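One structure below.
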Amino acid sequence: MYEEAPGTKVLANEVARTLQVFARAARARQLYQPNNVVLVRLMSDLGAAFQAVLQKSPELSLRVRADAFVLQGEPVLEEPNPDDSIPFTFFRDGIRRLDIQAGLTAEEIEVLVAATTAGVRYTGLGDDLVSYLWRHDLEHLRYVVVDTAIVDAPGGAAGADPKTGTADELDREIDALLALIYGSSSDDVGPKSVRVDADDIPAKKLAEALDRIDERIPGFYPARTLDVAPAVAAALAREVEQEDETRITLRAFSSALDALASPLAASVSEGLFEALLRLFDTALVSGDLDLPARILLGVRELSTYEHARSSAERWVAEATQEARLRQATSVFTQHPDVEHLRSLAGFFRACGRAGTFALLAIIPRIEKAELRRMVSALVLEIGVSSLDPLLQLLAQEQAYVAQEAVFLLYSLGTEESLSALHGAIDHPQALVRLSILAAARKTSSDHGLELARRYMEDSDPQVVEFAAQTLGELGDEACTAALEERIQSDEMSTLPPALRRVLFSAYAQMRGTLAVPTLGRILKSSDEATQLAAIAALGIVRTPGAIAALRQTGFSFNKRIRNAVREALEPGSSEEEAP
């Protein structure tokens, strides 16, 4: 224990500031994932604060009251409201004193914060604060647990503070008991935790009474009898060895489902549903999505019971909220491979349509095209409840993202999805316009023709070429005539050379042999780029008439024209035969 000194108040103030940071970190852990930047910063600040205060005092011995942590009689963390009080959580679970020693590590601070959060959220299943600390056995943390069956010690001093009178009596009893067992309450010996139950203090009083008896008086001291291990001890030990946290969790989950399958009091039912949600969240954070999927499916089955339907539906709606689904998808985005995608698929099949928006949200972050398509196939398998996430993907700047949206909208094949595709025909990305045209061709020939005619005026050569191929394949004579008129117009000299080449090549593909007379006349044009485009188009046709026209042009004085003719006449040089 600390002696009163001028620096006591200063130390209490520093401890109070440290515990305020501790309280903020414990509450933030309920809201954020362990890798969240807010929680990481708070944990860093808490570690620095503990290190600073433990340099000044190598051990902090905090007494736990229902409304405060107390250091040397000074409250250092007061939270009177039991509904949101960290001291009350410690007090409720039986902890009456907490000793924090110099050398406390960041890992131990992390366990202490996590244990506090577990205690605040404890609903009857899983670890409470004491069991969480007991499982981790921290080297630089000791605590005293008093059985809640112990009543306040009688005989408080007259006029004592009502908050501290009887509690101080009990603390003195506990301190005296620990001093008898370990020498003093602050010696670095003994276990990391001490549990004081209702038998210990009377036993101490009995021992003190026996100690006062003269050993020379008649009579004898009571003999101590040792318990005999039961015959089933070995079998029981083997059975316990087979248990692990996963099996225990599954047993708790199954028990909760079995209980909820029968009508229960509202308070009991709500507590079980809340406990299932905590199990669900814990499993999500672990990264193994198999258990959360099983919990989801199990609760969905409860909706078949009339008495549990509304509660089960509310539970599923809460379990499939965006923050929880982001936690599920984060494992796959960190490890984007087929194995993690299989795990993700099982979880989202359990979520149903309510969760596909979260799957669509990760498409922009997937680099491999085959994985993107596998995610899209999973979305189509599960189904979508709204087109809004698809329309958001369609509006993305990355062409590959918008192309995936085109695939999904076309694959859905509903009137609404096809209408959304039609509304995006002027998408700024040429690759997306190509995807939309390809989808339109598959939807219907009439829609494909309509869109191909429109794209013949496109600014991108690839789009124009694909539109021309579409028109040629679908046999649009009116568009062929319009294209013939266009390539003979004065407009050709104003278009980029690459676009002229595409238009002439498309015309050659659409008209075949009938294109030779028109292309032959254009060979006499004075514009070099137009002549080069006509030469390439004749190389596609390659009929005797086309070859004759090319050979005649090959005598030109223009070296580029002669080289273009030579290239067009070479076997296998036509664009049709090019890979």
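Naming works like this for the structure tokens: A, B, ... for the chains as they're shown, residue 1 at the start of each chain, ligands 1 onward in shown order.
Taking only C-alpha atoms, the non-local environment of region 37-54 of chain A within 9 Å (same-chain residues fewer than 3 positions away omitted) comprises Leu11, Glu14, Val15, Arg17, Thr18, Leu19, Val21, Phe22, Arg24, Ala25, Ala28, Arg29, Tyr32, Gln33, Pro34, Ser57, Pro58, Glu59, Leu60, Ile100, Gln101, Ala102, Gly103, Leu104, Thr105, Ala106, Ile109, Glu110 and Val113 of chain A.
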DSSP on the backbone: what in region 282-463 of chain A comes out helix (DSSP H, G or I), as a PyMOL selection string? chain A and resi 282-286+290-302+309-319+322-334+338-361+363-365+369-382+388-394+399-412+415-422+430-443+445-455+461-463
I'd like the contact shell of region 320-333 of chain A - 9 Å cut-off, only C-alpha atoms, skipping same-chain residues fewer than 5 positions apart - returned as a list of chain:residue names. A:Gln33, A:Asp281, A:Leu284, A:Val285, A:Gly287, A:Asp288, A:Leu289, A:Trp315, A:His340, A:Leu341, A:Ser343, A:Leu344, A:Phe347, A:Phe348, A:Cys351, A:Ala354, A:Gly355, A:Phe357, A:Ala358, A:Leu359, A:Ile362, A:Arg365, A:Ile366
Mind writing the picked residues with N, CA and C atoms as a PDB file, in the first residue's frame?
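And here is the file that came out, result_24.pdb:
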ATOM      1  N   GLN A  33     -12.927  -2.341 -35.011  1.00  0.00           N
ATOM      2  CA  GLN A  33     -12.094  -3.534 -35.148  1.00  0.00           C
ATOM      3  C   GLN A  33     -10.704  -3.258 -34.567  1.00  0.00           C
ATOM      4  N   ASP A 281     -20.396 -12.071 -33.649  1.00  0.00           N
ATOM      5  CA  ASP A 281     -19.382 -11.017 -33.817  1.00  0.00           C
ATOM      6  C   ASP A 281     -17.990 -11.542 -33.490  1.00  0.00           C
ATOM      7  N   LEU A 284     -16.806 -13.612 -36.331  1.00  0.00           N
ATOM      8  CA  LEU A 284     -16.447 -12.778 -37.482  1.00  0.00           C
ATOM      9  C   LEU A 284     -15.049 -12.203 -37.326  1.00  0.00           C
ATOM     10  N   VAL A 285     -14.758 -11.685 -36.138  1.00  0.00           N
ATOM     11  CA  VAL A 285     -13.448 -11.062 -35.901  1.00  0.00           C
ATOM     12  C   VAL A 285     -12.332 -12.083 -36.032  1.00  0.00           C
ATOM     13  N   GLY A 287     -11.999 -14.302 -38.190  1.00  0.00           N
ATOM     14  CA  GLY A 287     -11.656 -14.515 -39.593  1.00  0.00           C
ATOM     15  C   GLY A 287     -12.137 -15.832 -40.159  1.00  0.00           C
ATOM     16  N   ASP A 288     -12.602 -16.750 -39.305  1.00  0.00           N
ATOM     17  CA  ASP A 288     -13.139 -18.029 -39.785  1.00  0.00           C
ATOM     18  C   ASP A 288     -14.640 -17.838 -40.009  1.00  0.00           C
ATOM     19  N   LEU A 289     -15.076 -17.859 -41.267  1.00  0.00           N
ATOM     20  CA  LEU A 289     -16.461 -17.532 -41.588  1.00  0.00           C
ATOM     21  C   LEU A 289     -17.398 -18.732 -41.518  1.00  0.00           C
ATOM     22  N   TRP A 315     -32.925 -10.172 -35.803  1.00  0.00           N
ATOM     23  CA  TRP A 315     -31.541 -10.585 -35.570  1.00  0.00           C
ATOM     24  C   TRP A 315     -30.774 -10.687 -36.884  1.00  0.00           C
ATOM     25  N   HIS A 340     -10.096 -18.496 -50.063  1.00  0.00           N
ATOM     26  CA  HIS A 340     -10.830 -17.553 -49.218  1.00  0.00           C
ATOM     27  C   HIS A 340     -12.162 -17.178 -49.851  1.00  0.00           C
ATOM     28  N   LEU A 341     -12.237 -17.224 -51.174  1.00  0.00           N
ATOM     29  CA  LEU A 341     -13.511 -16.922 -51.827  1.00  0.00           C
ATOM     30  C   LEU A 341     -14.541 -18.016 -51.529  1.00  0.00           C
ATOM     31  N   SER A 343     -14.769 -19.742 -48.771  1.00  0.00           N
ATOM     32  CA  SER A 343     -15.243 -19.460 -47.417  1.00  0.00           C
ATOM     33  C   SER A 343     -16.217 -18.290 -47.431  1.00  0.00           C
ATOM     34  N   LEU A 344     -15.879 -17.261 -48.187  1.00  0.00           N
ATOM     35  CA  LEU A 344     -16.747 -16.080 -48.292  1.00  0.00           C
ATOM     36  C   LEU A 344     -18.088 -16.455 -48.912  1.00  0.00           C
ATOM     37  N   PHE A 347     -20.490 -18.040 -46.431  1.00  0.00           N
ATOM     38  CA  PHE A 347     -21.055 -17.055 -45.506  1.00  0.00           C
ATOM     39  C   PHE A 347     -22.150 -16.229 -46.179  1.00  0.00           C
ATOM     40  N   PHE A 348     -21.902 -15.760 -47.409  1.00  0.00           N
ATOM     41  CA  PHE A 348     -22.877 -14.893 -48.066  1.00  0.00           C
ATOM     42  C   PHE A 348     -24.085 -15.667 -48.576  1.00  0.00           C
ATOM     43  N   CYS A 351     -26.184 -15.384 -45.698  1.00  0.00           N
ATOM     44  CA  CYS A 351     -26.738 -14.030 -45.557  1.00  0.00           C
ATOM     45  C   CYS A 351     -27.941 -13.813 -46.478  1.00  0.00           C
ATOM     46  N   ALA A 354     -29.770  -9.993 -48.754  1.00  0.00           N
ATOM     47  CA  ALA A 354     -29.479  -8.810 -47.940  1.00  0.00           C
ATOM     48  C   ALA A 354     -27.987  -8.486 -47.907  1.00  0.00           C
ATOM     49  N   GLY A 355     -27.140  -9.456 -48.259  1.00  0.00           N
ATOM     50  CA  GLY A 355     -25.702  -9.218 -48.151  1.00  0.00           C
ATOM     51  C   GLY A 355     -24.973  -8.995 -49.459  1.00  0.00           C
ATOM     52  N   PHE A 357     -24.946  -6.616 -51.531  1.00  0.00           N
ATOM     53  CA  PHE A 357     -24.394  -5.284 -51.759  1.00  0.00           C
ATOM     54  C   PHE A 357     -22.951  -5.205 -51.264  1.00  0.00           C
ATOM     55  N   ALA A 358     -22.633  -5.960 -50.194  1.00  0.00           N
ATOM     56  CA  ALA A 358     -21.261  -5.961 -49.675  1.00  0.00           C
ATOM     57  C   ALA A 358     -20.322  -6.706 -50.623  1.00  0.00           C
ATOM     58  N   LEU A 359     -20.819  -7.753 -51.283  1.00  0.00           N
ATOM     59  CA  LEU A 359     -20.004  -8.449 -52.282  1.00  0.00           C
ATOM     60  C   LEU A 359     -19.705  -7.536 -53.461  1.00  0.00           C
ATOM     61  N   ILE A 362     -16.784  -4.997 -53.083  1.00  0.00           N
ATOM     62  CA  ILE A 362     -15.367  -5.383 -53.122  1.00  0.00           C
ATOM     63  C   ILE A 362     -14.870  -5.587 -54.554  1.00  0.00           C
ATOM     64  N   ARG A 365     -11.889  -3.663 -55.802  1.00  0.00           N
ATOM     65  CA  ARG A 365     -10.606  -3.934 -55.145  1.00  0.00           C
ATOM     66  C   ARG A 365      -9.989  -5.265 -55.558  1.00  0.00           C
ATOM     67  N   ILE A 366     -10.647  -5.977 -56.461  1.00  0.00           N
ATOM     68  CA  ILE A 366     -10.129  -7.276 -56.901  1.00  0.00           C
ATOM     69  C   ILE A 366      -9.366  -7.080 -58.209  1.00  0.00           C
TER      70      ILE A 366
END
So which residues touch Val130 (chain A) within 8 Å, counting only C-alpha atoms, skipping near sequence neighbours fewer than 2 positions away, as a ChimeraX atom specification? /A:93,95,115,119,127-128,132-134
Report as a PyMOL selection string all protein, DNA and RNA residues lying within 12 Å of Leu62 (chain A), evaluated on only C-alpha atoms, omitting residues in the same chain fewer than 3 positions from it. chain A and resi 1-2+12+15-16+19+59+65+68-77+87+90-91+95-101+141-144+171+185-186
Those selected residues, please, written with N, CA, C and O atoms and delivered as a short mmCIF file (atom, residue, chain, number, x, y, z; two decimals), in the first residue's frame.
data_model
loop_
_atom_site.label_atom_id
_atom_site.label_comp_id
_atom_site.auth_asym_id
_atom_site.auth_seq_id
_atom_site.Cartn_x
_atom_site.Cartn_y
_atom_site.Cartn_z
N MET A 1 0.85 -1.20 0.00
CA MET A 1 0.00 0.00 0.00
C MET A 1 0.88 1.24 0.00
O MET A 1 2.01 1.23 0.47
N TYR A 2 0.37 2.36 -0.47
CA TYR A 2 1.14 3.60 -0.54
C TYR A 2 1.08 4.35 0.78
O TYR A 2 0.05 4.35 1.46
N ALA A 12 -2.26 10.47 -7.91
CA ALA A 12 -3.66 10.15 -8.14
C ALA A 12 -4.19 10.84 -9.39
O ALA A 12 -4.96 10.25 -10.16
N VAL A 15 -2.81 8.92 -12.40
CA VAL A 15 -3.52 7.64 -12.54
C VAL A 15 -4.92 7.88 -13.09
O VAL A 15 -5.42 7.13 -13.93
N ALA A 16 -5.57 8.95 -12.62
CA ALA A 16 -6.92 9.28 -13.11
C ALA A 16 -6.91 9.54 -14.61
O ALA A 16 -7.78 9.06 -15.35
N LEU A 19 -6.49 6.21 -16.42
CA LEU A 19 -7.70 5.39 -16.42
C LEU A 19 -8.78 5.97 -17.31
O LEU A 19 -9.64 5.24 -17.82
N GLU A 59 4.00 0.00 -8.44
CA GLU A 59 2.79 -0.80 -8.32
C GLU A 59 1.62 0.11 -7.99
O GLU A 59 1.72 0.99 -7.14
N ARG A 65 -14.74 -0.03 -6.17
CA ARG A 65 -16.07 0.22 -5.65
C ARG A 65 -17.08 0.10 -6.79
O ARG A 65 -16.71 0.09 -7.96
N ALA A 68 -16.57 3.45 -8.59
CA ALA A 68 -15.28 4.11 -8.83
C ALA A 68 -14.13 3.13 -8.58
O ALA A 68 -14.27 2.13 -7.87
N PHE A 69 -12.96 3.45 -9.21
CA PHE A 69 -11.68 2.89 -8.83
C PHE A 69 -11.05 3.88 -7.84
O PHE A 69 -11.07 5.10 -8.08
N VAL A 70 -10.47 3.37 -6.74
CA VAL A 70 -9.94 4.23 -5.69
C VAL A 70 -8.48 3.89 -5.47
O VAL A 70 -8.10 2.73 -5.33
N LEU A 71 -7.63 4.94 -5.41
CA LEU A 71 -6.21 4.79 -5.15
C LEU A 71 -5.88 5.58 -3.88
O LEU A 71 -6.03 6.81 -3.86
N GLN A 72 -5.45 4.88 -2.83
CA GLN A 72 -5.07 5.53 -1.57
C GLN A 72 -6.16 6.48 -1.08
O GLN A 72 -5.90 7.61 -0.66
N GLY A 73 -7.41 6.03 -1.19
CA GLY A 73 -8.52 6.85 -0.72
C GLY A 73 -9.01 7.89 -1.70
O GLY A 73 -10.03 8.54 -1.46
N GLU A 74 -8.33 8.06 -2.83
CA GLU A 74 -8.71 9.05 -3.84
C GLU A 74 -9.41 8.36 -5.01
O GLU A 74 -8.83 7.48 -5.65
N PRO A 75 -10.66 8.73 -5.33
CA PRO A 75 -11.30 8.17 -6.55
C PRO A 75 -10.53 8.61 -7.80
O PRO A 75 -10.27 9.80 -7.99
N VAL A 76 -10.15 7.64 -8.62
CA VAL A 76 -9.38 7.97 -9.83
C VAL A 76 -10.15 7.65 -11.12
O VAL A 76 -9.68 7.97 -12.20
N LEU A 77 -11.29 7.00 -11.00
CA LEU A 77 -12.19 6.82 -12.15
C LEU A 77 -13.60 6.64 -11.59
O LEU A 77 -13.95 5.57 -11.12
N PRO A 87 -16.04 0.62 -13.67
CA PRO A 87 -15.85 0.13 -12.29
C PRO A 87 -16.97 -0.82 -11.86
O PRO A 87 -16.71 -1.82 -11.19
N PHE A 90 -16.31 -4.39 -13.08
CA PHE A 90 -15.35 -5.11 -12.24
C PHE A 90 -16.02 -5.52 -10.92
O PHE A 90 -15.87 -6.66 -10.46
N PHE A 91 -16.76 -4.58 -10.31
CA PHE A 91 -17.40 -4.83 -9.03
C PHE A 91 -18.44 -5.94 -9.15
O PHE A 91 -18.51 -6.85 -8.30
N ILE A 95 -14.50 -8.53 -8.58
CA ILE A 95 -13.15 -8.00 -8.37
C ILE A 95 -13.24 -6.82 -7.40
O ILE A 95 -13.99 -5.86 -7.62
N ARG A 96 -12.45 -6.93 -6.28
CA ARG A 96 -12.45 -5.85 -5.29
C ARG A 96 -11.11 -5.13 -5.21
O ARG A 96 -11.03 -4.06 -4.63
N ARG A 97 -10.09 -5.71 -5.77
CA ARG A 97 -8.81 -4.99 -5.82
C ARG A 97 -8.06 -5.41 -7.08
O ARG A 97 -8.10 -6.58 -7.48
N LEU A 98 -7.38 -4.42 -7.68
CA LEU A 98 -6.63 -4.64 -8.92
C LEU A 98 -5.24 -4.07 -8.72
O LEU A 98 -5.08 -2.88 -8.45
N ASP A 99 -4.20 -4.94 -8.80
CA ASP A 99 -2.81 -4.51 -8.65
C ASP A 99 -2.12 -4.54 -10.00
O ASP A 99 -2.06 -5.60 -10.64
N ILE A 100 -1.61 -3.38 -10.44
CA ILE A 100 -0.92 -3.26 -11.73
C ILE A 100 0.54 -2.95 -11.43
O ILE A 100 0.85 -1.97 -10.74
N GLN A 101 1.46 -3.78 -11.96
CA GLN A 101 2.86 -3.68 -11.60
C GLN A 101 3.71 -3.18 -12.76
O GLN A 101 3.35 -3.34 -13.93
N LEU A 141 -0.21 -8.33 -13.58
CA LEU A 141 -1.54 -7.93 -13.13
C LEU A 141 -2.04 -8.94 -12.12
O LEU A 141 -2.04 -10.15 -12.38
N ARG A 142 -2.44 -8.46 -10.92
CA ARG A 142 -3.02 -9.33 -9.91
C ARG A 142 -4.36 -8.74 -9.48
O ARG A 142 -4.55 -7.52 -9.53
N TYR A 143 -5.26 -9.58 -9.09
CA TYR A 143 -6.57 -9.09 -8.70
C TYR A 143 -7.16 -10.00 -7.64
O TYR A 143 -6.81 -11.18 -7.54
N VAL A 144 -8.04 -9.44 -6.84
CA VAL A 144 -8.70 -10.18 -5.77
C VAL A 144 -10.18 -10.25 -6.12
O VAL A 144 -10.82 -9.22 -6.37
N ASP A 171 -12.66 -4.68 3.09
CA ASP A 171 -11.31 -4.59 2.52
C ASP A 171 -10.25 -4.91 3.57
O ASP A 171 -9.25 -5.56 3.28
N SER A 185 0.03 -7.84 1.13
CA SER A 185 -0.81 -7.77 -0.07
C SER A 185 -0.05 -7.35 -1.29
O SER A 185 -0.55 -7.43 -2.39
N SER A 186 1.18 -6.84 -1.14
CA SER A 186 1.93 -6.35 -2.30
C SER A 186 3.16 -7.17 -2.60
O SER A 186 3.92 -6.84 -3.49
#
CA of Glu477 (chain A) to CA of Arg511 (chain A): how many Å, to one decimal? 9.4 Å
For region 465-578 of chain A versus region 421-444 of chain A, which residues have an atom no more than 10 Å away, and what is each residue's nearest atom pair and distance in Å rounded to one decimal, using only C-alpha atoms, chain-then-number order, as a Markdown table?
| residue | atom | partner | partner_atom | distance |
| --- | --- | --- | --- | --- |
| A:Phe466 | CA | A:Leu434 | CA | 7.4 |
| A:Ala467 | CA | A:Leu437 | CA | 7.7 |
| A:Thr470 | CA | A:Arg441 | CA | 7.7 |
| A:Leu474 | CA | A:Arg441 | CA | 9.1 |
Taken to one decimal, the CA of Leu538 (chain A)-CA of Glu465 (chain A) distance is 16.2 Å
Thr530 (chain A) proximity check over A:Leu360, A:Leu495, A:Leu129, A:Leu250, using only C-alpha atoms: winner is A:Leu495
Surrounding residues of Leu296 (chain A) excluding itself and chain neighbours under 2 positions, 9 Å, only C-alpha atoms, as a compact mmCIF listing (two decimals) with all heavy atoms, in the first residue's frame:
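The resulting file, part.txt, is reproduced below:
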# COMPACT_ATOMS: atom_id res chain seq x y z
N PHE A 280 -21.64 -14.46 -32.77
CA PHE A 280 -21.50 -14.17 -34.20
C PHE A 280 -20.39 -13.15 -34.43
O PHE A 280 -19.53 -13.34 -35.30
CB PHE A 280 -22.84 -13.64 -34.71
CG PHE A 280 -22.88 -13.31 -36.17
CD1 PHE A 280 -23.04 -14.29 -37.14
CD2 PHE A 280 -22.76 -11.99 -36.60
CE1 PHE A 280 -23.08 -13.98 -38.48
CE2 PHE A 280 -22.80 -11.66 -37.94
CZ PHE A 280 -22.97 -12.66 -38.88
N LEU A 291 -18.23 -20.64 -38.81
CA LEU A 291 -19.11 -20.56 -37.64
C LEU A 291 -20.15 -19.45 -37.81
O LEU A 291 -21.34 -19.69 -37.53
CB LEU A 291 -18.29 -20.36 -36.37
CG LEU A 291 -19.09 -20.25 -35.07
CD1 LEU A 291 -19.98 -21.46 -34.88
CD2 LEU A 291 -18.15 -20.07 -33.87
N PRO A 292 -19.79 -18.23 -38.24
CA PRO A 292 -20.84 -17.21 -38.45
C PRO A 292 -21.90 -17.67 -39.45
O PRO A 292 -23.09 -17.37 -39.27
CB PRO A 292 -20.06 -16.01 -39.00
CG PRO A 292 -18.68 -16.19 -38.52
CD PRO A 292 -18.46 -17.66 -38.45
N ALA A 293 -21.48 -18.40 -40.49
CA ALA A 293 -22.46 -18.89 -41.47
C ALA A 293 -23.43 -19.88 -40.80
O ALA A 293 -24.64 -19.84 -41.04
CB ALA A 293 -21.74 -19.56 -42.63
N ARG A 294 -22.90 -20.76 -39.95
CA ARG A 294 -23.75 -21.73 -39.27
C ARG A 294 -24.73 -21.04 -38.31
O ARG A 294 -25.89 -21.43 -38.19
CB ARG A 294 -22.88 -22.74 -38.52
CG ARG A 294 -22.04 -23.61 -39.44
CD ARG A 294 -21.08 -24.50 -38.70
NE ARG A 294 -21.78 -25.53 -37.93
CZ ARG A 294 -21.14 -26.51 -37.26
NH1 ARG A 294 -19.82 -26.58 -37.30
NH2 ARG A 294 -21.82 -27.40 -36.59
N GLY A 298 -28.75 -21.10 -38.62
CA GLY A 298 -29.53 -21.59 -37.49
C GLY A 298 -30.60 -20.59 -37.06
O GLY A 298 -31.74 -20.98 -36.78
N VAL A 299 -30.24 -19.30 -37.03
CA VAL A 299 -31.23 -18.29 -36.63
C VAL A 299 -32.30 -18.16 -37.71
O VAL A 299 -33.49 -17.95 -37.41
CB VAL A 299 -30.54 -16.95 -36.36
CG1 VAL A 299 -31.58 -15.86 -36.06
CG2 VAL A 299 -29.57 -17.07 -35.18
N ARG A 300 -31.92 -18.27 -38.98
CA ARG A 300 -32.92 -18.23 -40.06
C ARG A 300 -33.94 -19.36 -39.89
O ARG A 300 -35.14 -19.17 -40.15
CB ARG A 300 -32.24 -18.34 -41.42
CG ARG A 300 -31.59 -17.05 -41.90
CD ARG A 300 -31.10 -17.22 -43.32
NE ARG A 300 -30.47 -16.02 -43.81
CZ ARG A 300 -31.12 -14.97 -44.30
NH1 ARG A 300 -32.43 -14.98 -44.34
NH2 ARG A 300 -30.47 -13.91 -44.74
N GLU A 301 -33.49 -20.52 -39.46
CA GLU A 301 -34.41 -21.63 -39.25
C GLU A 301 -35.41 -21.33 -38.14
O GLU A 301 -36.54 -21.80 -38.15
CB GLU A 301 -33.63 -22.90 -38.93
CG GLU A 301 -32.88 -23.48 -40.12
CD GLU A 301 -32.13 -24.75 -39.77
OE1 GLU A 301 -32.30 -25.23 -38.63
OE2 GLU A 301 -31.39 -25.26 -40.63
N VAL A 316 -31.37 -11.32 -37.89
CA VAL A 316 -30.71 -11.47 -39.19
C VAL A 316 -30.44 -10.09 -39.81
O VAL A 316 -29.38 -9.85 -40.38
CB VAL A 316 -31.56 -12.33 -40.14
CG1 VAL A 316 -31.00 -12.30 -41.56
CG2 VAL A 316 -31.61 -13.77 -39.63
N ALA A 319 -27.49 -8.70 -38.01
CA ALA A 319 -26.26 -9.44 -38.30
C ALA A 319 -25.73 -9.14 -39.70
O ALA A 319 -24.54 -9.33 -39.97
CB ALA A 319 -26.51 -10.94 -38.14
N PHE A 347 -20.49 -18.04 -46.43
CA PHE A 347 -21.05 -17.05 -45.51
C PHE A 347 -22.15 -16.23 -46.18
O PHE A 347 -23.22 -16.02 -45.61
CB PHE A 347 -19.93 -16.14 -45.00
CG PHE A 347 -20.43 -15.00 -44.15
CD1 PHE A 347 -20.78 -15.21 -42.83
CD2 PHE A 347 -20.55 -13.72 -44.68
CE1 PHE A 347 -21.25 -14.16 -42.04
CE2 PHE A 347 -21.02 -12.68 -43.91
CZ PHE A 347 -21.37 -12.90 -42.59
N ALA A 350 -25.43 -17.84 -46.73
CA ALA A 350 -26.23 -17.82 -45.50
C ALA A 350 -26.88 -16.45 -45.29
O ALA A 350 -27.99 -16.35 -44.78
CB ALA A 350 -25.36 -18.18 -44.30
N CYS A 351 -26.18 -15.38 -45.70
CA CYS A 351 -26.74 -14.03 -45.56
C CYS A 351 -27.94 -13.81 -46.48
O CYS A 351 -28.89 -13.11 -46.13
CB CYS A 351 -25.68 -12.98 -45.89
SG CYS A 351 -24.37 -12.84 -44.67
Near-Gln552 (chain A) list (12 Å; only C-alpha atoms; drop same-chain fewer than 6 positions) as a list in words: Gly520, Leu523, Lys524, Ile535, Gly545, Ala546, Ile561, Arg562, Val565, Arg566 and Leu569 of chain A
Filtering to all heavy atoms, could you give me those residues as a compact mmCIF listing (two decimals), in the first residue's frame?
# COMPACT_ATOMS: atom_id res chain seq x y z
N GLY A 520 -12.07 1.82 -105.41
CA GLY A 520 -11.18 2.17 -106.51
C GLY A 520 -11.25 3.65 -106.84
O GLY A 520 -10.24 4.28 -107.15
N LEU A 523 -9.34 5.70 -104.37
CA LEU A 523 -7.88 5.62 -104.50
C LEU A 523 -7.31 6.82 -105.25
O LEU A 523 -6.13 7.17 -105.11
CB LEU A 523 -7.48 4.34 -105.23
CG LEU A 523 -7.46 3.04 -104.40
CD1 LEU A 523 -7.10 1.87 -105.27
CD2 LEU A 523 -6.48 3.17 -103.25
N LYS A 524 -8.15 7.46 -106.03
CA LYS A 524 -7.69 8.61 -106.82
C LYS A 524 -7.77 9.91 -106.04
O LYS A 524 -7.49 10.98 -106.57
CB LYS A 524 -8.52 8.72 -108.09
CG LYS A 524 -8.44 7.47 -108.97
CD LYS A 524 -9.37 7.56 -110.15
CE LYS A 524 -9.34 6.28 -111.00
NZ LYS A 524 -10.28 6.33 -112.13
N ILE A 535 -6.62 1.63 -99.49
CA ILE A 535 -5.71 0.53 -99.83
C ILE A 535 -5.87 -0.61 -98.84
O ILE A 535 -5.95 -1.79 -99.21
CB ILE A 535 -4.26 1.05 -99.86
CG1 ILE A 535 -4.06 1.98 -101.06
CG2 ILE A 535 -3.27 -0.12 -99.90
CD1 ILE A 535 -2.73 2.73 -101.04
N GLY A 545 -10.47 -8.04 -108.84
CA GLY A 545 -10.64 -6.62 -109.12
C GLY A 545 -9.94 -5.75 -108.11
O GLY A 545 -9.34 -4.72 -108.45
N ALA A 546 -9.99 -6.15 -106.83
CA ALA A 546 -9.33 -5.38 -105.79
C ALA A 546 -7.82 -5.42 -105.95
O ALA A 546 -7.12 -4.40 -105.82
CB ALA A 546 -9.72 -5.93 -104.42
N ILE A 561 2.48 5.37 -100.22
CA ILE A 561 1.41 4.69 -100.96
C ILE A 561 1.93 3.36 -101.50
O ILE A 561 1.26 2.33 -101.41
CB ILE A 561 0.88 5.58 -102.10
CG1 ILE A 561 0.24 6.86 -101.53
CG2 ILE A 561 -0.11 4.82 -102.96
CD1 ILE A 561 -1.01 6.62 -100.74
N ARG A 562 3.15 3.38 -102.08
CA ARG A 562 3.72 2.15 -102.64
C ARG A 562 3.93 1.10 -101.55
O ARG A 562 3.62 -0.09 -101.74
CB ARG A 562 5.06 2.45 -103.33
CG ARG A 562 4.94 3.33 -104.58
CD ARG A 562 6.20 3.21 -105.45
NE ARG A 562 7.40 3.53 -104.72
CZ ARG A 562 7.92 4.76 -104.60
NH1 ARG A 562 7.28 5.79 -105.14
NH2 ARG A 562 9.03 4.97 -103.91
N VAL A 565 0.56 -0.44 -100.58
CA VAL A 565 0.09 -1.37 -101.59
C VAL A 565 0.84 -2.70 -101.46
O VAL A 565 0.24 -3.79 -101.53
CB VAL A 565 0.24 -0.78 -103.00
CG1 VAL A 565 0.00 -1.85 -104.06
CG2 VAL A 565 -0.72 0.39 -103.19
N ARG A 566 2.15 -2.59 -101.28
CA ARG A 566 2.96 -3.81 -101.16
C ARG A 566 2.51 -4.63 -99.95
O ARG A 566 2.38 -5.85 -100.02
CB ARG A 566 4.44 -3.43 -101.02
CG ARG A 566 5.38 -4.63 -101.02
CD ARG A 566 6.85 -4.22 -100.92
NE ARG A 566 7.21 -3.29 -101.95
CZ ARG A 566 7.48 -2.00 -101.77
NH1 ARG A 566 7.44 -1.49 -100.55
NH2 ARG A 566 7.80 -1.20 -102.77
N LEU A 569 -0.84 -6.37 -100.65
CA LEU A 569 -0.77 -7.46 -101.61
C LEU A 569 -0.07 -8.70 -101.05
O LEU A 569 -0.16 -9.79 -101.62
CB LEU A 569 -0.04 -7.00 -102.87
CG LEU A 569 -0.82 -6.02 -103.77
CD1 LEU A 569 0.07 -5.50 -104.89
CD2 LEU A 569 -2.07 -6.68 -104.34
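The space between CA of Leu302 (chain A) and CA of Ser385 (chain A) spans 22.4 Å.
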